[in-house]
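Below is start03.csv, holding CSV, C-alpha atoms and all ligand atoms.
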chain,number,residue,atom,x,y,z
A,6,MET,CA,-110.6,114.0,-112.8
A,7,VAL,CA,-110.1,113.3,-116.6
A,8,SER,CA,-113.2,112.3,-118.5
A,9,ILE,CA,-113.2,109.8,-121.4
A,10,ASP,CA,-115.1,112.5,-123.4
A,11,SER,CA,-112.2,114.9,-123.2
A,12,ILE,CA,-109.9,112.2,-124.5
A,13,ARG,CA,-112.2,111.5,-127.4
A,14,LYS,CA,-112.7,115.2,-128.2
A,15,PRO,CA,-109.8,115.7,-130.7
A,16,ILE,CA,-110.9,112.6,-132.7
A,17,LEU,CA,-114.6,112.8,-132.3
A,18,ALA,CA,-115.5,113.0,-136.0
A,19,ASP,CA,-113.0,110.2,-136.7
A,20,LEU,CA,-114.5,108.0,-134.0
A,21,GLU,CA,-118.0,108.5,-135.6
A,22,ALA,CA,-116.6,107.6,-139.0
A,23,PHE,CA,-114.9,104.6,-137.4
A,24,ASP,CA,-118.2,103.3,-136.0
A,25,ALA,CA,-119.8,103.7,-139.4
A,26,PHE,CA,-116.8,101.9,-141.0
A,27,VAL,CA,-117.3,99.0,-138.6
A,28,GLY,CA,-121.0,98.9,-139.3
A,29,GLU,CA,-120.4,98.8,-143.1
A,30,ASN,CA,-117.7,96.2,-143.0
A,31,PHE,CA,-118.6,93.9,-140.1
A,32,SER,CA,-121.8,92.0,-140.6
A,33,ALA,CA,-122.6,88.3,-140.3
A,34,GLU,CA,-124.3,85.8,-142.5
A,35,GLY,CA,-127.4,84.2,-141.0
A,36,GLU,CA,-130.0,85.5,-138.6
A,37,MET,CA,-128.6,84.0,-135.3
A,38,LEU,CA,-125.0,85.0,-136.0
A,39,GLN,CA,-126.1,88.5,-136.9
A,40,GLU,CA,-128.2,88.7,-133.7
A,41,MET,CA,-125.3,87.6,-131.5
A,42,LEU,CA,-122.8,89.8,-133.4
A,43,THR,CA,-125.1,92.9,-132.9
A,44,TYR,CA,-125.3,92.0,-129.2
A,45,ALA,CA,-121.5,91.6,-128.8
A,46,LEU,CA,-120.8,94.9,-130.7
A,47,SER,CA,-123.5,96.9,-128.9
A,48,SER,CA,-121.6,96.7,-125.6
A,49,ARG,CA,-118.1,97.4,-126.8
A,50,GLY,CA,-117.1,99.3,-123.7
A,51,LYS,CA,-114.9,102.4,-123.6
A,52,GLY,CA,-113.1,101.7,-126.9
A,53,VAL,CA,-109.7,102.4,-125.5
A,54,ARG,CA,-107.9,100.4,-128.3
A,55,PRO,CA,-109.5,102.2,-131.3
A,56,MET,CA,-109.0,105.5,-129.5
A,57,LEU,CA,-105.4,104.7,-129.1
A,58,THR,CA,-105.0,103.8,-132.8
A,59,LEU,CA,-106.8,107.0,-134.0
A,60,LEU,CA,-104.8,109.2,-131.6
A,61,SER,CA,-101.5,107.6,-132.5
A,62,ALA,CA,-102.3,108.1,-136.3
A,63,SER,CA,-103.3,111.7,-135.7
A,64,LEU,CA,-100.1,112.4,-133.6
A,65,HIS,CA,-98.0,111.3,-136.6
A,66,SER,CA,-100.1,113.1,-139.3
A,67,PRO,CA,-98.2,116.0,-141.0
A,68,ASN,CA,-100.6,118.6,-139.7
A,69,ALA,CA,-100.6,117.4,-136.0
A,70,GLU,CA,-98.7,120.4,-134.8
A,71,ALA,CA,-101.0,122.9,-136.5
A,72,ALA,CA,-104.2,121.2,-135.0
A,73,ASP,CA,-106.1,123.3,-132.5
A,74,ASP,CA,-108.9,122.5,-130.0
A,75,SER,CA,-111.5,122.4,-132.8
A,76,CYS,CA,-109.7,119.6,-134.6
A,77,GLY,CA,-112.2,117.0,-133.4
A,78,SER,CA,-115.0,118.4,-135.5
A,79,VAL,CA,-113.5,117.3,-138.8
A,80,ARG,CA,-112.2,113.9,-139.9
A,81,HIS,CA,-108.4,113.5,-140.3
A,82,CYS,CA,-107.9,109.8,-140.5
A,83,SER,CA,-107.9,107.6,-143.6
A,84,LYS,CA,-109.7,104.2,-144.1
A,85,ARG,CA,-106.3,102.5,-143.5
A,86,THR,CA,-106.4,103.9,-140.0
A,87,TYR,CA,-110.0,102.9,-139.5
A,88,LEU,CA,-109.1,99.4,-140.7
A,89,ALA,CA,-106.2,99.2,-138.2
A,90,ALA,CA,-108.6,100.3,-135.4
A,91,MET,CA,-111.2,97.8,-136.4
A,92,LEU,CA,-108.7,94.9,-136.5
A,93,VAL,CA,-107.5,95.4,-133.0
A,94,GLU,CA,-111.0,96.1,-131.6
A,95,MET,CA,-112.4,92.9,-133.1
A,96,ILE,CA,-109.6,90.8,-131.8
A,97,HIS,CA,-110.3,92.3,-128.4
A,98,THR,CA,-114.0,91.7,-128.7
A,99,ALA,CA,-113.5,88.0,-129.7
A,100,SER,CA,-111.0,87.5,-126.9
A,101,LEU,CA,-113.4,88.7,-124.2
A,102,ILE,CA,-116.2,86.4,-125.6
A,103,HIS,CA,-113.7,83.5,-125.3
A,104,ASP,CA,-112.5,84.7,-121.9
A,105,ASP,CA,-116.0,84.7,-120.4
A,106,VAL,CA,-116.4,81.1,-121.6
A,107,LEU,CA,-113.1,80.1,-119.9
A,108,ASP,CA,-114.0,82.0,-116.7
A,109,SER,CA,-117.6,80.8,-116.8
A,110,ALA,CA,-118.5,84.5,-116.3
A,111,ASP,CA,-122.2,85.4,-116.5
A,112,GLU,CA,-121.8,89.1,-116.8
A,113,ARG,CA,-119.8,91.5,-119.0
A,114,ARG,CA,-120.1,95.3,-118.7
A,115,GLY,CA,-123.3,94.9,-116.6
A,116,LYS,CA,-125.1,92.7,-119.2
A,117,PRO,CA,-125.3,88.9,-119.5
A,118,SER,CA,-122.2,87.6,-121.3
A,119,VAL,CA,-122.6,85.9,-124.7
A,120,ASN,CA,-122.2,82.5,-123.0
A,121,ALA,CA,-124.8,83.3,-120.4
A,122,LYS,CA,-127.3,84.3,-123.1
A,123,TRP,CA,-126.5,81.6,-125.8
A,124,GLN,CA,-124.4,78.9,-124.1
A,125,SER,CA,-120.7,78.4,-124.2
A,126,ASP,CA,-120.5,76.3,-127.4
A,127,THR,CA,-122.3,79.0,-129.4
A,128,ALA,CA,-120.2,81.7,-127.7
A,129,ILE,CA,-117.0,80.0,-128.9
A,130,ILE,CA,-118.2,79.8,-132.4
A,131,LEU,CA,-119.1,83.5,-132.3
A,132,GLY,CA,-115.6,84.4,-131.1
A,133,ASP,CA,-114.1,82.2,-133.8
A,134,TYR,CA,-116.4,83.8,-136.4
A,135,ILE,CA,-115.3,87.3,-135.4
A,136,LEU,CA,-111.6,86.3,-135.6
A,137,ALA,CA,-112.1,84.6,-139.0
A,138,ARG,CA,-114.0,87.7,-140.4
A,139,THR,CA,-111.3,90.0,-139.0
A,140,MET,CA,-108.5,88.2,-140.7
A,141,SER,CA,-110.5,87.8,-143.9
A,142,ILE,CA,-111.3,91.5,-144.0
A,143,GLY,CA,-107.7,92.3,-143.3
A,144,MET,CA,-106.4,90.0,-146.0
A,145,SER,CA,-108.8,91.2,-148.6
A,146,SER,CA,-107.8,94.8,-147.9
A,147,ALA,CA,-104.2,93.7,-148.8
A,148,GLN,CA,-102.8,95.8,-145.9
A,149,TYR,CA,-100.5,93.0,-145.0
A,150,ASP,CA,-98.3,95.1,-142.7
A,151,LEU,CA,-101.3,95.8,-140.4
A,152,VAL,CA,-102.6,92.2,-140.6
A,153,SER,CA,-99.2,90.8,-139.7
A,154,TYR,CA,-99.0,93.0,-136.5
A,155,VAL,CA,-102.5,91.9,-135.5
A,156,GLY,CA,-101.9,88.2,-136.3
A,157,SER,CA,-98.9,88.1,-133.9
A,158,ALA,CA,-100.9,89.8,-131.2
A,159,MET,CA,-103.5,87.1,-131.5
A,160,SER,CA,-101.0,84.3,-130.7
A,161,THR,CA,-99.5,86.4,-127.8
A,162,LEU,CA,-103.0,86.8,-126.3
A,163,CYS,CA,-103.5,83.0,-126.3
A,164,GLU,CA,-100.0,82.4,-124.8
A,165,GLY,CA,-100.9,84.8,-122.0
A,166,GLU,CA,-104.2,83.1,-121.3
A,167,VAL,CA,-102.6,79.6,-121.2
A,168,LEU,CA,-99.8,80.8,-118.9
A,169,GLN,CA,-102.4,82.4,-116.6
A,170,SER,CA,-104.4,79.2,-116.4
A,171,GLN,CA,-101.2,77.1,-115.8
A,172,HIS,CA,-100.3,79.3,-112.8
A,173,ALA,CA,-103.8,79.4,-111.5
A,174,GLN,CA,-103.8,75.6,-111.3
A,175,LYS,CA,-100.5,75.5,-109.4
A,176,PHE,CA,-101.1,78.6,-107.2
A,177,ASP,CA,-97.6,79.6,-107.9
A,178,THR,CA,-97.8,83.0,-109.6
A,179,THR,CA,-94.8,85.2,-108.8
A,180,ARG,CA,-94.4,88.9,-109.6
A,181,GLU,CA,-92.4,88.0,-112.7
A,182,ASP,CA,-95.0,85.5,-113.9
A,183,TYR,CA,-97.8,88.0,-113.3
A,184,LEU,CA,-96.0,90.8,-115.3
A,185,ARG,CA,-95.4,88.3,-118.2
A,186,ILE,CA,-99.0,87.2,-118.2
A,187,ILE,CA,-100.4,90.7,-118.2
A,188,TYR,CA,-97.9,91.8,-120.9
A,189,GLN,CA,-99.1,88.9,-123.1
A,190,LYS,CA,-102.9,89.0,-122.4
A,191,THR,CA,-103.4,92.8,-122.4
A,192,ALA,CA,-100.3,95.0,-123.0
A,193,SER,CA,-99.3,93.4,-126.2
A,194,LEU,CA,-102.6,94.3,-127.9
A,195,LEU,CA,-102.6,97.9,-126.6
A,196,GLY,CA,-99.0,98.1,-128.0
A,197,VAL,CA,-100.3,96.9,-131.4
A,198,SER,CA,-103.2,99.3,-131.3
A,199,ALA,CA,-100.9,102.3,-130.9
A,200,ALA,CA,-98.2,100.9,-133.3
A,201,THR,CA,-100.6,100.2,-136.1
A,202,GLY,CA,-102.1,103.7,-135.8
A,203,ALA,CA,-98.7,105.2,-136.4
A,204,LEU,CA,-97.9,102.6,-139.2
A,205,SER,CA,-101.2,103.4,-140.9
A,206,VAL,CA,-100.0,107.0,-141.6
A,207,GLY,CA,-96.5,106.0,-142.7
A,208,ALA,CA,-94.7,107.0,-139.5
A,209,SER,CA,-91.0,106.1,-139.3
A,210,ARG,CA,-90.0,102.7,-137.9
A,211,GLU,CA,-88.6,104.5,-134.8
A,212,ASP,CA,-91.9,106.2,-134.2
A,213,VAL,CA,-93.9,103.0,-134.7
A,214,GLU,CA,-91.7,101.3,-132.1
A,215,ARG,CA,-92.0,104.2,-129.7
A,216,LEU,CA,-95.8,104.1,-129.9
A,217,CYS,CA,-95.8,100.3,-129.5
A,218,LYS,CA,-93.8,100.8,-126.2
A,219,PHE,CA,-96.2,103.6,-125.2
A,220,GLY,CA,-99.2,101.3,-125.8
A,221,GLU,CA,-97.6,98.4,-123.9
A,222,ALA,CA,-96.8,100.5,-120.9
A,223,LEU,CA,-100.3,101.9,-120.9
A,224,GLY,CA,-101.6,98.3,-121.2
A,225,MET,CA,-99.6,97.1,-118.2
A,226,ALA,CA,-101.1,99.9,-116.2
A,227,PHE,CA,-104.5,99.2,-117.6
A,228,GLN,CA,-104.4,95.6,-116.5
A,229,ILE,CA,-103.0,96.4,-113.1
A,230,GLN,CA,-105.8,98.8,-112.5
A,231,ASP,CA,-108.3,96.2,-113.7
A,232,ASP,CA,-106.9,93.8,-111.1
A,233,ILE,CA,-107.0,96.5,-108.4
A,234,LEU,CA,-110.7,97.1,-109.3
A,235,ASP,CA,-111.4,93.5,-108.9
A,236,TYR,CA,-110.7,93.9,-105.2
A,237,ASN,CA,-112.9,97.0,-105.0
A,238,ARG,CA,-116.5,96.1,-104.1
A,239,GLN,CA,-117.7,99.6,-105.0
A,240,ASN,CA,-116.4,99.4,-108.6
A,241,ASN,CA,-118.6,100.1,-111.6
A,242,THR,CA,-117.0,97.5,-113.9
A,243,GLY,CA,-120.3,95.6,-114.4
A,244,LYS,CA,-118.5,92.5,-112.9
A,245,PRO,CA,-118.8,91.0,-109.4
A,246,ALA,CA,-115.9,91.9,-107.1
A,247,ASN,CA,-113.3,89.3,-106.2
A,248,ASN,CA,-113.8,87.2,-109.3
A,249,ASP,CA,-110.0,86.7,-109.6
A,250,LEU,CA,-109.9,85.0,-106.2
A,251,ARG,CA,-112.8,82.7,-107.1
A,252,GLU,CA,-110.8,81.8,-110.3
A,253,HIS,CA,-107.6,81.3,-108.3
A,254,LYS,CA,-105.9,84.1,-110.0
A,255,ILE,CA,-103.0,85.6,-108.0
A,256,THR,CA,-102.8,89.3,-109.2
A,257,LEU,CA,-100.6,92.2,-108.1
A,258,PRO,CA,-102.5,93.3,-104.9
A,259,LEU,CA,-102.3,89.8,-103.5
A,260,ILE,CA,-98.7,89.4,-104.7
A,261,GLU,CA,-97.7,92.6,-102.8
A,262,VAL,CA,-99.2,91.2,-99.6
A,263,MET,CA,-97.7,87.7,-100.1
A,264,GLU,CA,-94.2,89.1,-100.7
A,265,ARG,CA,-94.4,90.8,-97.3
A,266,ALA,CA,-96.0,87.9,-95.4
A,267,SER,CA,-94.2,85.4,-93.2
A,268,ASP,CA,-94.0,81.7,-94.3
A,269,GLU,CA,-96.9,80.9,-92.0
A,270,GLU,CA,-99.1,83.7,-93.3
A,271,ARG,CA,-98.3,82.8,-96.9
A,272,ALA,CA,-99.3,79.2,-96.3
A,273,HIS,CA,-102.6,80.4,-94.8
A,274,ILE,CA,-103.2,82.7,-97.8
A,275,LEU,CA,-102.7,79.8,-100.2
A,276,GLU,CA,-104.9,77.5,-98.1
A,277,LEU,CA,-107.7,80.2,-98.4
A,278,LEU,CA,-107.1,80.7,-102.1
A,279,ARG,CA,-107.6,76.9,-102.7
A,280,ARG,CA,-111.0,77.2,-101.2
A,281,CYS,CA,-112.1,80.4,-102.9
A,282,HIS,CA,-113.8,78.7,-105.8
A,283,GLU,CA,-116.6,77.3,-103.7
A,284,ASP,CA,-116.3,79.0,-100.3
A,285,GLU,CA,-117.4,82.7,-100.0
A,286,ALA,CA,-116.1,82.9,-96.4
A,287,ALA,CA,-112.6,82.2,-97.7
A,288,VAL,CA,-113.1,84.9,-100.4
A,289,ASP,CA,-114.1,87.4,-97.7
A,290,GLU,CA,-111.2,86.5,-95.4
A,291,LEU,CA,-108.7,86.8,-98.2
A,292,HIS,CA,-110.2,90.0,-99.4
A,293,ALA,CA,-109.8,91.4,-95.8
A,294,ILE,CA,-106.2,90.3,-95.7
A,295,VAL,CA,-105.4,92.2,-99.0
A,296,VAL,CA,-107.2,95.3,-97.7
A,297,LYS,CA,-105.3,95.1,-94.4
A,298,GLY,CA,-102.0,94.6,-96.1
A,299,ASP,CA,-102.6,97.7,-98.4
A,300,GLY,CA,-102.3,95.4,-101.5
A,301,ALA,CA,-104.2,97.8,-103.8
A,302,ALA,CA,-102.2,100.9,-102.9
A,303,LEU,CA,-98.9,99.0,-103.3
A,304,ALA,CA,-100.0,97.6,-106.7
A,305,ALA,CA,-101.0,101.2,-107.7
A,306,GLN,CA,-97.3,102.3,-107.2
A,307,THR,CA,-96.2,99.8,-109.9
A,308,MET,CA,-99.1,101.0,-112.1
A,309,GLN,CA,-97.9,104.6,-111.7
A,310,ALA,CA,-94.4,103.6,-112.8
A,311,TYR,CA,-95.7,102.2,-116.1
A,312,LEU,CA,-97.8,105.3,-116.6
A,313,SER,CA,-94.7,107.5,-116.0
A,314,ARG,CA,-92.8,105.5,-118.6
A,315,ALA,CA,-95.7,105.9,-121.1
A,316,MET,CA,-95.9,109.7,-120.5
A,317,HIS,CA,-92.1,110.0,-121.0
A,318,LEU,CA,-92.4,108.2,-124.3
A,319,VAL,CA,-94.8,110.8,-125.8
A,320,SER,CA,-93.1,113.8,-124.2
A,321,LYS,CA,-90.7,114.1,-127.1
A,322,TYR,CA,-93.6,115.1,-129.4
A,323,PRO,CA,-94.5,118.8,-129.8
A,324,ASP,CA,-97.6,119.9,-127.9
A,325,SER,CA,-100.9,119.1,-129.8
A,326,PRO,CA,-104.4,118.1,-128.9
A,327,TYR,CA,-103.5,114.5,-129.7
A,328,ARG,CA,-100.5,114.4,-127.4
A,329,ARG,CA,-102.5,116.0,-124.7
A,330,ALA,CA,-105.2,113.3,-125.2
A,331,LEU,CA,-102.7,110.5,-125.0
A,332,ILE,CA,-101.3,112.0,-121.7
A,333,ASP,CA,-104.9,112.4,-120.4
A,334,LEU,CA,-105.5,108.7,-121.3
A,335,CYS,CA,-102.7,107.8,-118.9
A,336,ALA,CA,-104.3,109.8,-116.1
A,337,PHE,CA,-107.7,108.2,-117.0
A,338,ILE,CA,-106.3,104.7,-116.7
A,339,ALA,CA,-105.1,105.5,-113.1
A,340,GLU,CA,-108.4,107.1,-112.1
A,341,ARG,CA,-110.9,104.9,-113.7
A,342,ASP,CA,-113.4,102.9,-111.6
A,343,ARG,CA,-115.0,100.9,-114.5
B,1,LIG,C1,-109.6,89.6,-120.0
B,1,LIG,O1,-108.8,89.5,-118.8
B,1,LIG,C2,-109.0,88.7,-121.0
B,1,LIG,C3,-108.0,89.0,-121.9
B,1,LIG,C4,-107.4,90.3,-121.8
B,1,LIG,C5,-107.4,88.1,-122.9
B,1,LIG,C6,-108.3,86.9,-123.2
B,1,LIG,C7,-107.6,86.0,-124.2
B,1,LIG,C8,-108.0,84.8,-124.6
B,1,LIG,C9,-109.3,84.2,-124.0
B,1,LIG,C10,-107.3,84.0,-125.6
B,1,LIG,C11,-108.1,84.0,-126.9
B,1,LIG,C12,-107.5,85.0,-127.8
B,1,LIG,C13,-108.2,85.4,-129.0
B,1,LIG,C14,-107.4,86.2,-129.9
B,1,LIG,C15,-109.6,85.0,-129.3
B,1,LIG,P1,-109.4,89.3,-117.4
B,1,LIG,O2,-110.0,87.9,-117.3
B,1,LIG,O3,-108.3,89.5,-116.4
B,1,LIG,O4,-110.4,90.4,-117.3
B,1,LIG,P2,-112.0,90.4,-117.0
B,1,LIG,O5,-112.1,90.6,-115.6
B,1,LIG,O6,-112.4,91.6,-117.9
B,1,LIG,O7,-112.5,89.1,-117.5
B,2,MG,MG,-111.9,87.2,-117.3
What do you get writing this file as C-alpha cells?
Amino acid sequence: MVSIDSIRKPILADLEAFDAFVGENFSAEGEMLQEMLTYALSSRGKGVRPMLTLLSASLHSPNAEAADDSCGSVRHCSKRTYLAAMLVEMIHTASLIHDDVLDSADERRGKPSVNAKWQSDTAIILGDYILARTMSIGMSSAQYDLVSYVGSAMSTLCEGEVLQSQHAQKFDTTREDYLRIIYQKTASLLGVSAATGALSVGASREDVERLCKFGEALGMAFQIQDDILDYNRQNNTGKPANNDLREHKITLPLIEVMERASDEERAHILELLRRCHEDEAAVDELHAIVVKGDGAALAAQTMQAYLSRAMHLVSKYPDSPYRRALIDLCAFIAERDR
C-alpha cells in the first residue's frame, strides 16, 4: 500500500515552501472574507494538484537524474513553480466551494461545507473572490504562459459542470458522455497541474505535452475512483455515500451495470434513479443493484487502463525519486479510500 507521505518525500522541503508561499500571497481584505478564506484553505485535502506540479517541475530539472533519496530535505523549485502550483490549487479550491453550493452539500472533507457554515450566497462570493485573486496574482506576476493555461482550465471546468447537470436532468448519461464530463471537470485541471510544473522550469514543448497527458490520464482515474468510492459506504472521504444517486448522477459503476441490463431492468433502474432525490429506499435498492452487478469492479478496470497509460507516459524518463513518486501517485489513486 503506497502512502501519500512516501509520494511527498522527494519534494517535502518544496511543499513546505509552497505552503509558506500560499500564506504570504493569498490573504483577503476584510475580517469575514479572511475568516472564510482561512476556513477554506485550512482543509485543502491531499494536495494532489500542487504535488503533481512540484513533481513534474522536479522531473524536468537539470539535476533530476543525480537526485537521491535525501533530495526532499532541500528545496529545488523556484517561485515560478510555486506560483503554478498555487494557481491550480486555488482554482480547485474555488471550484469545490461552488460545487458544494450546486450540490447543496453540507459536508466537505468531514467538515461543514462553506455553504453550510455561511449560506450559499456568501459561499459563491468566496469562490468568486478566490478566482479573482488567483487571476490577479497571476497577471501581476506577468507569468502569462502559466496564467493562460490556468484560464483555459477554468472554462473547461465550467463546461464539464454544465454538461453534467444537463445529463443529470435528462437521466441520459452514456459512457461517452461520462468520460467527456470527467475529462472536463477533473482530468483537464490535473493535466494543467502537471503541464505547468514542466513549463515552469522551461521543459520542451514535447515534455510539457507529455506531462499534460500524464496528468489527464491520472485525473480520469482519480475521478473514476471518486465515483467508485461514492458507492462504498465504508469510505473515508468525509462525504455521505451514494450522494451521486441522490443528485441523479449516472457515473461509471452504474453505467457498467446499465450496459449489461435488459431493457426492462434498465427501465427499472431509471425509475429508481428518478426517485433517489427524496426516497432513501430507492437509493438503497439502486445501491444493491450496482453491488450485485459488480459495477465498482468493472469501473475499476477502466480506471486501471488510464493508470497504465499514465505510467507508460513517464516510463521514458530515467529513474529518479521524482519519477518513482509519480508512479507511486498512480498506485495511490487506485488504492485510496478517501
Ligand atoms: C467535484 O466533483 C467538482 C469538480 C471537480 C468541478 C466543479 C466545477 C464547478 C462547480 C464549475 C466552477 C468552476 C470554477 C473554476 C469555479 P464531484 O461533485 O463529482 O465530487 P465531490 O463528490 O467531491 O463533490
Ligand atoms: Mg460534488
- Task: Please write out the residues within 6 Å of ligand MG 2 (chain B) as a list in words, counting all atoms listed in the file.
- Result: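 Sorted by chain and then by number, the residues are Asp104, Asp105 and Asp108 of chain A.
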Any chance you can output those residues with C-alpha atoms as a PDB file, in the frame of the given file?
ATOM      1  CA  ASP A 104    -112.500  84.700-121.900  1.00  0.00           C
ATOM      2  CA  ASP A 105    -116.000  84.700-120.400  1.00  0.00           C
ATOM      3  CA  ASP A 108    -114.000  82.000-116.700  1.00  0.00           C
TER       4      ASP A 108
END
- Message: So, with only C-alpha atoms as the atoms that count, which of A:Glu264, A:Gly300, A:Ile96, A:Cys217 lies closest to Cys163 of chain A?
- Response: A:Ile96
- Query: Just how far from atom CA of Val79 of chain A is atom CA of Ala315 of chain A, in Å to one decimal?
  - Reply: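 Distance between the two atoms: 27.6 Å.
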- Distance of atom CA of Ala199 of chain A from atom CA of Ser78 of chain A, expressed in Å to one decimal place: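 Atom CA of Ser78 of chain A sits 21.9 Å away from atom CA of Ala199 of chain A.
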- Please identify every polymer residue within 9 Å of ligand LIG 1 (chain B), using only C-alpha atoms and all ligand atoms, and present the set as a PyMOL selection string. chain A and resi 95-108+110+113-114+129+132-133+135-136+156+158-167+187+189-192+194+228+231-232+235+242+244+248-249+254
Where atoms are absent from segment 100-113 of chain A, fill them in so it carries N, CA, C and O atoms, then output it as an mmCIF file, keeping the file's coordinate frame.
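So the final result, stored in part34.cif, reads:
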data_model
loop_
_atom_site.group_PDB
_atom_site.id
_atom_site.type_symbol
_atom_site.label_atom_id
_atom_site.label_comp_id
_atom_site.auth_asym_id
_atom_site.auth_seq_id
_atom_site.Cartn_x
_atom_site.Cartn_y
_atom_site.Cartn_z
ATOM 1 N N SER A 100 -111.702 88.052 -128.024
ATOM 2 C CA SER A 100 -111.000 87.500 -126.900
ATOM 3 C C SER A 100 -111.795 87.558 -125.608
ATOM 4 O O SER A 100 -111.738 86.663 -124.782
ATOM 5 N N LEU A 101 -112.588 88.616 -125.454
ATOM 6 C CA LEU A 101 -113.400 88.700 -124.200
ATOM 7 C C LEU A 101 -114.571 87.686 -124.281
ATOM 8 O O LEU A 101 -114.950 87.130 -123.243
ATOM 9 N N ILE A 102 -115.097 87.422 -125.474
ATOM 10 C CA ILE A 102 -116.200 86.400 -125.600
ATOM 11 C C ILE A 102 -115.589 85.042 -125.173
ATOM 12 O O ILE A 102 -116.194 84.304 -124.395
ATOM 13 N N HIS A 103 -114.380 84.737 -125.658
ATOM 14 C CA HIS A 103 -113.700 83.500 -125.300
ATOM 15 C C HIS A 103 -113.359 83.467 -123.795
ATOM 16 O O HIS A 103 -113.495 82.463 -123.105
ATOM 17 N N ASP A 104 -112.897 84.622 -123.313
ATOM 18 C CA ASP A 104 -112.500 84.700 -121.900
ATOM 19 C C ASP A 104 -113.643 84.421 -120.966
ATOM 20 O O ASP A 104 -113.484 83.738 -119.955
ATOM 21 N N ASP A 105 -114.829 84.940 -121.306
ATOM 22 C CA ASP A 105 -116.000 84.700 -120.400
ATOM 23 C C ASP A 105 -116.391 83.226 -120.437
ATOM 24 O O ASP A 105 -116.913 82.728 -119.442
ATOM 25 N N VAL A 106 -116.132 82.533 -121.544
ATOM 26 C CA VAL A 106 -116.400 81.100 -121.600
ATOM 27 C C VAL A 106 -115.384 80.402 -120.620
ATOM 28 O O VAL A 106 -115.759 79.604 -119.750
ATOM 29 N N LEU A 107 -114.102 80.762 -120.776
ATOM 30 C CA LEU A 107 -113.100 80.100 -119.900
ATOM 31 C C LEU A 107 -113.302 80.391 -118.464
ATOM 32 O O LEU A 107 -113.068 79.529 -117.622
ATOM 33 N N ASP A 108 -113.754 81.617 -118.132
ATOM 34 C CA ASP A 108 -114.000 82.000 -116.700
ATOM 35 C C ASP A 108 -115.374 81.627 -116.236
ATOM 36 O O ASP A 108 -115.722 81.956 -115.103
ATOM 37 N N SER A 109 -116.209 81.041 -117.082
ATOM 38 C CA SER A 109 -117.600 80.800 -116.800
ATOM 39 C C SER A 109 -118.288 82.069 -116.228
ATOM 40 O O SER A 109 -119.046 82.017 -115.254
ATOM 41 N N ALA A 110 -117.980 83.213 -116.830
ATOM 42 C CA ALA A 110 -118.500 84.500 -116.300
ATOM 43 C C ALA A 110 -119.903 84.745 -116.914
ATOM 44 O O ALA A 110 -120.126 84.557 -118.108
ATOM 45 N N ASP A 111 -120.826 85.143 -116.055
ATOM 46 C CA ASP A 111 -122.200 85.400 -116.500
ATOM 47 C C ASP A 111 -122.443 86.815 -116.932
ATOM 48 O O ASP A 111 -123.457 87.120 -117.555
ATOM 49 N N GLU A 112 -121.541 87.713 -116.521
ATOM 50 C CA GLU A 112 -121.800 89.100 -116.800
ATOM 51 C C GLU A 112 -120.566 89.744 -117.491
ATOM 52 O O GLU A 112 -119.431 89.406 -117.173
ATOM 53 N N ARG A 113 -120.835 90.666 -118.392
ATOM 54 C CA ARG A 113 -119.800 91.500 -119.000
ATOM 55 C C ARG A 113 -120.360 92.863 -119.168
ATOM 56 O O ARG A 113 -121.412 93.020 -119.770
#
